[in-house]
Amino acid sequence: MTIQNLPFVSVQADWDDVVREVDSNTIPEGSFWIACYLTGKQSVQGSVLVKLECPELDVKYITVYGPKTDFYPVKGKAVSCVAISPNGNLFAAGNGDEVSLGSIAEGKSQTTLKGHLSDVTTIQFFPSSLVLLTGGADFQVKIWSVLNGSNPVTLKGHTSAITSTGIISQGRNVLSSSRDGTIKLWNCGTSSTITTMGNYTVPVNQMILAKLPSPYEPARIEDLDPMEVDTSDRLVLAALGDGSVRGIHLGTKKEIFATPTSDIALTAVAYDEETGAIFTGNENGLVQVFSINKGLKEPHVSWKRNRHAVTSLVTKMSKNGEIVLCVSTADGSVYQTGPLVNFLGDNKTVRVESEYTGSELEPVYDMKVMPSGHESGYQRILYTLNIKTSTSAWQEITYHSVAFAKTPVVQAVHPQQDPLAPILSTTSAF
């Protein structure tokens, strides 16, 4: 197996302030540091003002972006996970055993949801943006009303920490994965378990829900449990502690494929429905791509930048209208690859296209794709990172734009009405 070593560009965290000051004639000139790294080669350090090119390390045409907005949901508390409402108006951040809920425009917490007995590990909005789904280290999954902060439903049955959740269609059924090695399908109306899948001997470290790939047939509706809604053609991807991804047909509840196992646990997984590509990241910083269409016996392409754990993988649309992969790691770096089509074909060369700055090497814990607006098809990202100073520690959410010129002036996202809101607003009380 060939593993590509990718370059890593580290930039002074406040470089964009220097650009703004020079651009506004506040100071006549300014500089900031940039360092380029590649495993096995000597690092290159210096100052670059406009374009970053390090031919010695094959680093060229990499765009470095600075934060558009920084905000602090709860100072003094670490944020373990974050979610953005589908309408783009609200954020929810897990801090300890509480959830902070607030407006992105205001940039601060406005409501605190209390009820978990231990750290909140995962957060997700329902399609209506009116209901919130959370999971915690207390083995519980909770459903909250965004309107009044109530917690009408608590789902119990796991025997270890919740690692991920999934909302099926309008949200009558939800999924949860756990370090106990199981994935549970729940009926929200009765707060009951419909079925338990997996039963693995290793933790399910992350789970995502997707559309069932075309080679597989949906389950027959008559074979489903009466409490199931829209589960017949869904795929569950589970990233396990044994280094493998397991594909489970949610309709039949059977495992239909698996990638090879490894001694290194997986920490992140993403999926592109159009190409059938599965992206995995592990504790040692290795990113691999598997193709459902071409076979899963070995990765189509592999790369890494260092040995820091991959904390999150997300696909999004770039400003050029192409699907790209964003990768965050435990050393605080966030980068974007070139278009997926460039390395999913016969040409397997992966290139770093963009670096997102703002971190001073603090771990990035979670990363989410922002909803796109009416006038721009491309998507932005938001991620959490832990900022530490000499006197205090707090959590910062850094909201990045993927398109700006010399100074970071970006058109705001225009929220759009969720067509499912009327349906969910009448069923959210369960």
# chains A, B, ... in the order shown; residues from 1 in each chain; ligands from 1
call {"tool": "closest_atom_pairs", "arguments": {"of": "region 225-285 of chain A", "to": "region 183-194 of chain A", "cutoff": "12 Å", "atoms": "only C-alpha atoms", "output": "tab-separated table"}}
result
residue	atom	partner	partner_atom	distance
A:Asp225	CA	A:Ile194	CA	7.5
A:Pro226	CA	A:Ile194	CA	9.5
A:Met227	CA	A:Asn187	CA	6.4
A:Glu228	CA	A:Asn187	CA	7.3
A:Val229	CA	A:Asn187	CA	9.1
A:Thr231	CA	A:Leu185	CA	9.7
A:Val236	CA	A:Ile183	CA	9.2
A:Leu237	CA	A:Ile183	CA	10.3
A:Ala238	CA	A:Ile183	CA	8.6
A:Ala239	CA	A:Ile183	CA	11.4
A:Leu240	CA	A:Ile183	CA	11.5
A:Arg246	CA	A:Ile183	CA	11.4
A:Gly247	CA	A:Ile183	CA	11.9
A:Ile248	CA	A:Ile183	CA	9.9
A:Leu250	CA	A:Leu185	CA	8.9
A:Gly251	CA	A:Leu185	CA	10.9
A:Lys253	CA	A:Leu185	CA	9.8
A:Lys254	CA	A:Ile183	CA	11.9
A:Glu255	CA	A:Ile183	CA	11.8
call {"tool": "write_last_selection", "arguments": {"atoms": "N, CA and C atoms", "output": "short mmCIF file (atom, residue, chain, number, x, y, z; two decimals), in the first residue's frame"}}
result
data_model
loop_
_atom_site.label_atom_id
_atom_site.label_comp_id
_atom_site.auth_asym_id
_atom_site.auth_seq_id
_atom_site.Cartn_x
_atom_site.Cartn_y
_atom_site.Cartn_z
N ASP A 225 -40.38 -2.83 10.46
CA ASP A 225 -41.18 -2.69 11.67
C ASP A 225 -42.21 -1.58 11.46
N PRO A 226 -43.42 -1.72 11.97
CA PRO A 226 -44.44 -0.68 11.78
C PRO A 226 -44.03 0.70 12.29
N MET A 227 -43.08 0.75 13.21
CA MET A 227 -42.65 2.04 13.75
C MET A 227 -41.57 2.71 12.89
N GLU A 228 -41.10 2.01 11.86
CA GLU A 228 -40.06 2.59 11.01
C GLU A 228 -40.65 3.49 9.94
N VAL A 229 -39.95 4.61 9.68
CA VAL A 229 -40.37 5.55 8.65
C VAL A 229 -39.16 5.90 7.79
N THR A 231 -36.80 4.13 6.26
CA THR A 231 -35.54 3.45 6.55
C THR A 231 -35.15 2.44 5.48
N VAL A 236 -26.00 2.94 6.66
CA VAL A 236 -25.30 3.38 7.87
C VAL A 236 -23.83 3.01 7.71
N LEU A 237 -22.94 3.99 7.85
CA LEU A 237 -21.51 3.75 7.82
C LEU A 237 -20.95 3.92 9.23
N ALA A 238 -20.29 2.89 9.73
CA ALA A 238 -19.77 2.91 11.09
C ALA A 238 -18.25 2.79 11.07
N ALA A 239 -17.56 3.77 11.65
CA ALA A 239 -16.10 3.74 11.77
C ALA A 239 -15.75 3.11 13.12
N LEU A 240 -15.02 2.00 13.07
CA LEU A 240 -14.80 1.20 14.27
C LEU A 240 -13.40 1.33 14.85
N ARG A 246 -17.77 -0.29 8.53
CA ARG A 246 -18.79 -1.28 8.23
C ARG A 246 -20.00 -0.58 7.61
N GLY A 247 -20.50 -1.13 6.50
CA GLY A 247 -21.69 -0.62 5.86
C GLY A 247 -22.88 -1.47 6.24
N ILE A 248 -23.90 -0.88 6.82
CA ILE A 248 -25.09 -1.60 7.27
C ILE A 248 -26.30 -1.10 6.49
N LEU A 250 -29.77 -0.23 6.39
CA LEU A 250 -30.70 0.09 7.47
C LEU A 250 -32.05 -0.60 7.27
N GLY A 251 -32.43 -0.83 6.02
CA GLY A 251 -33.69 -1.51 5.77
C GLY A 251 -33.69 -2.95 6.23
N LYS A 253 -31.16 -4.30 8.08
CA LYS A 253 -30.41 -4.35 9.35
C LYS A 253 -29.19 -5.26 9.26
N LYS A 254 -28.75 -5.56 8.03
CA LYS A 254 -27.61 -6.46 7.85
C LYS A 254 -26.37 -5.71 7.37
N GLU A 255 -25.21 -6.18 7.79
CA GLU A 255 -23.95 -5.62 7.30
C GLU A 255 -23.74 -6.09 5.86
#
call {"tool": "select_by_dssp", "arguments": {"residues": "region 42-239 of chain A", "states": "helix (DSSP H, G or I)", "output": "list of chain:residue names"}}
result
A:Pro55, A:Glu56, A:Leu57, A:Ile221, A:Glu222, A:Asp223
call {"tool": "write_last_selection", "arguments": {"atoms": "all heavy atoms", "output": "short mmCIF file (atom, residue, chain, number, x, y, z; two decimals), in the first residue's frame"}}
result
data_model
loop_
_atom_site.label_atom_id
_atom_site.label_comp_id
_atom_site.auth_asym_id
_atom_site.auth_seq_id
_atom_site.Cartn_x
_atom_site.Cartn_y
_atom_site.Cartn_z
N PRO A 55 8.62 25.44 -3.72
CA PRO A 55 8.89 24.40 -4.71
C PRO A 55 9.68 23.22 -4.14
O PRO A 55 9.52 22.08 -4.57
CB PRO A 55 9.70 25.13 -5.79
CG PRO A 55 9.34 26.57 -5.62
CD PRO A 55 9.13 26.76 -4.15
N GLU A 56 10.55 23.51 -3.15
CA GLU A 56 11.37 22.44 -2.59
C GLU A 56 10.51 21.33 -1.98
O GLU A 56 10.89 20.17 -1.95
CB GLU A 56 12.33 22.99 -1.52
CG GLU A 56 13.34 23.99 -2.07
CD GLU A 56 12.79 25.41 -2.07
OE1 GLU A 56 11.57 25.57 -1.82
OE2 GLU A 56 13.57 26.34 -2.33
N LEU A 57 9.34 21.71 -1.44
CA LEU A 57 8.46 20.73 -0.81
C LEU A 57 7.21 20.47 -1.64
O LEU A 57 6.24 19.89 -1.16
CB LEU A 57 8.03 21.22 0.59
CG LEU A 57 9.15 21.56 1.56
CD1 LEU A 57 8.56 21.93 2.91
CD2 LEU A 57 10.13 20.40 1.71
N ILE A 221 -41.12 -2.71 2.07
CA ILE A 221 -41.82 -1.97 3.12
C ILE A 221 -42.52 -2.93 4.08
O ILE A 221 -42.55 -2.71 5.30
CB ILE A 221 -42.85 -1.00 2.52
CG1 ILE A 221 -42.15 0.01 1.59
CG2 ILE A 221 -43.61 -0.27 3.61
CD1 ILE A 221 -41.11 0.86 2.29
N GLU A 222 -43.08 -4.02 3.55
CA GLU A 222 -43.79 -4.98 4.40
C GLU A 222 -42.87 -5.71 5.37
O GLU A 222 -43.34 -6.33 6.35
CB GLU A 222 -44.57 -6.00 3.55
CG GLU A 222 -43.73 -6.73 2.51
CD GLU A 222 -43.72 -6.05 1.17
OE1 GLU A 222 -43.87 -4.81 1.13
OE2 GLU A 222 -43.57 -6.76 0.16
N ASP A 223 -41.56 -5.67 5.11
CA ASP A 223 -40.61 -6.33 6.01
C ASP A 223 -40.13 -5.42 7.13
O ASP A 223 -39.41 -5.87 8.04
CB ASP A 223 -39.41 -6.84 5.23
CG ASP A 223 -39.76 -7.96 4.26
OD1 ASP A 223 -40.78 -8.63 4.51
OD2 ASP A 223 -39.03 -8.15 3.26
#
call {"tool": "closest_residue", "arguments": {"among": "A:Ala161, A:Ile62, A:Leu6, A:Ala277", "to": "Gly295 (chain A)", "atoms": "only C-alpha atoms"}}
result
A:Ala277
call {"tool": "residues_around", "arguments": {"residues": "Lys108 (chain A)", "least_positions_apart": "4", "cutoff": "10 Å", "atoms": "only C-alpha atoms", "output": "number ranges by chain"}}
result
A: 71-75, 91, 100-104
call {"tool": "atom_distance", "arguments": {"atom1": "CA of Pro86 (chain A)", "atom2": "CA of Val314 (chain A)"}}
result
16.0 Å
call {"tool": "closest_residue", "arguments": {"among": "A:Leu340, A:Arg307, A:Ser128, A:Gly241", "to": "Glu322 (chain A)", "atoms": "only C-alpha atoms"}}
result
A:Leu340
call {"tool": "select_by_dssp", "arguments": {"residues": "region 154-303 of chain A", "states": "strand (DSSP E or B)", "output": "ChimeraX atom specification"}}
result
/A:154-155,162-168,173-178,183-187,192-197,204-211,234-240,245-249,254-258,266-272,277-282,287-291,295,301-303
call {"tool": "residues_around", "arguments": {"residues": "Gln336 (chain A)", "least_positions_apart": "4", "cutoff": "6 Å", "atoms": "only C-alpha atoms", "output": "number ranges by chain"}}
result
A: 325-326, 352-354
call {"tool": "write_last_selection", "arguments": {"atoms": "C-alpha atoms", "output": "PDB file, in the first residue's frame"}}
result
ATOM      1  CA  LEU A 325     -12.669  17.205   1.239  1.00  0.00           C
ATOM      2  CA  CYS A 326     -11.882  19.154   4.409  1.00  0.00           C
ATOM      3  CA  VAL A 352      -3.673  20.489  -0.671  1.00  0.00           C
ATOM      4  CA  GLU A 353      -5.662  23.383  -2.111  1.00  0.00           C
ATOM      5  CA  SER A 354      -6.368  25.502   0.970  1.00  0.00           C
TER       6      SER A 354
END
call {"tool": "closest_residue", "arguments": {"among": "A:Pro260, A:Gly243, A:Pro371, A:Gly96", "to": "Asn205 (chain A)", "atoms": "only C-alpha atoms"}}
result
A:Gly243
call {"tool": "residues_around", "arguments": {"residues": "His249 (chain A)", "least_positions_apart": "6", "cutoff": "9 Å", "atoms": "only C-alpha atoms", "output": "JSON, numbers by chain"}}
result
{"A": [212, 216, 218, 219, 232, 233, 234, 235, 236, 255, 256]}
call {"tool": "atom_distance", "arguments": {"atom1": "CA of Val369 (chain A)", "atom2": "CA of Asp346 (chain A)"}}
result
28.3 Å
call {"tool": "closest_residue", "arguments": {"among": "A:Pro203, A:Gly358, A:Gly30, A:Pro127", "to": "Ser160 (chain A)", "atoms": "only C-alpha atoms"}}
result
A:Pro203
call {"tool": "residues_around", "arguments": {"residues": "Tyr356 (chain A)", "least_positions_apart": "6", "cutoff": "7 Å", "atoms": "only C-alpha atoms", "output": "list in words"}}
result
Val64, Tyr65, Gly66, Val334 and Tyr335 of chain A
call {"tool": "atom_distance", "arguments": {"atom1": "CA of Asp16 (chain A)", "atom2": "CA of Val364 (chain A)"}}
result
19.8 Å
